Amino acid sequence: MTDLSHLRADFPILHQQVNGEPLVYFDNAATSQKPRQVIASLTRYYEQDNANVHRGLHELSNRATDAFEAARKKVARFIGAASADEIIFTRGTTEGINLVAQVWAAQFLKAGDVILLTGMEHHSNLVPWQLAARRSGAVLRHIPVLDDGTLDLTAIDTLLNGQVKLMACVHVSNSLGTINPVRELCAKARALGVTTLIDGAQAVGHLPVNVLDIGCDFYAFSGHKMCAPTGIGALYGRAEMLATMQPWHGGGEMIESVTLETSTYKAAPQRFEAGTPDIAGVIGLGAAVDYLESIGIETILRHGAELTAYAMQRLAALPGIRILGPLGDRASLAAFALACAHPHDLVEFANTHGLALRGGHHCTQPLMKRFKVPGTSRASFYFYNTAAEVDRMMDILHRAVIFFS
């Protein structure tokens, strides 16, 4: 197994005890931990460069602006965008999707149009489109999920037709670990002139992402799941798409000129970034990109695949377990239900032994209904996790089976 245990030294939070036991942090799909390098970038900004960006002529503002825009270029390179101008900074995946669902949808959706989603979407890629459909009179349809946790691709040719105006799809399921064939889906959509949005919250920083290769029109992701601070993320928008869209928020920075009666607006990305941004968060996101690139995304992917395969093998031997999602190729998480315990009770039991899991519906209530479970317990891994921690998890879960039986 790929050994990245030396990188644990970069994460101060991992070196502590919880309830008298060494912490095992397996809740990375909810948020990842932050390395010293990212924490240091925030401290450096606030201690040395704290100033507003773009609007100043003094040295601190110039330094802050340089770091802010350098981060935009890093993000563009990291996800394979054609230009840094295609990167809009947001609070995260949810805000990026809502931006498109409100601005693009308000301009281009009309009554009778179809919004095509999947049955495994996070609420953040369901609710905004439900709202958009209600406002526009568009219709929602969904690609079914098969029993093995993959999409029913045989239904695509029927569902993806000339009525569809937009297709939105999760890249990696946060509840199943399914890695969807987004490149193939976007190619089918593009052939029909369908606009596409990909929810990349669980993909960026975990596997290679190239938006040009995927061929999507929009791609949204969060920084906090890839070692960056919370409250920062990015929306990639293909330049031709952004050029057609009106502003989302109005205020400073996004304008060219303002009179008492009317205004004109800057081009993307500034058109969609009104007001003072999360400057430190953006700089921290840039530092996270630097850190992940120093490890290598292929190395991170390989370690995650190996650790997840090992965890799946160990979990399969647990009495009364039901594992959801693909048994083969999958992302770095395992979601499961134990016959003897509700997910919430199991996660609380694990916490008493220093193990951080997540239990519940994981913001995918329709998916839980599809699999006829109230929720699952989820162990999600990142490159700083180890096989020894998986062994500790299994020891705790075996104790749980005895305790709840």
# chains A, B, ... in the order shown; residues from 1 in each chain; ligands from 1
call {"tool": "select_by_dssp", "arguments": {"residues": "stretch 4-158 of chain A", "states": "strand (DSSP E or B)", "output": "list in words"}}
result
Gln17, Val18, Glu21, Pro22, Val24, Tyr25, Asp27, Ile87, Ile88, Phe89, Thr90, Val114, Ile115, Leu116, Leu117, Thr118, Val139, Leu140, Arg141, His142, Ile143, Val145 and Leu151 of chain A
call {"tool": "residues_around", "arguments": {"residues": "A:Leu307", "least_positions_apart": "6", "cutoff": "8 Å", "atoms": "only C-alpha atoms", "output": "list in words"}}
result
Met1, Ser332, Phe381, Thr386 and Ala387 of chain A
call {"tool": "residues_around", "arguments": {"residues": "A:Ala111", "least_positions_apart": "3", "cutoff": "8 Å", "atoms": "only C-alpha atoms", "output": "list in words"}}
result
Ser136, Gly137, Ala138 and Val139 of chain A
call {"tool": "residues_around", "arguments": {"residues": "stretch 221-225 of chain A", "least_positions_apart": "4", "cutoff": "7 Å", "atoms": "only C-alpha atoms", "output": "MDAnalysis selection string"}}
result
chainID A and resid 28:32 92:93 199:201 204 229:230 232:235 285
call {"tool": "closest_residue", "arguments": {"among": "A:Pro12, A:Pro247, A:Gly80, A:Gly149", "to": "A:Ile323", "atoms": "only C-alpha atoms"}}
result
A:Gly149
call {"tool": "closest_residue", "arguments": {"among": "A:Leu355, A:Ala76, A:Leu338, A:Cys186", "to": "A:Phe89", "atoms": "only C-alpha atoms"}}
result
A:Ala76
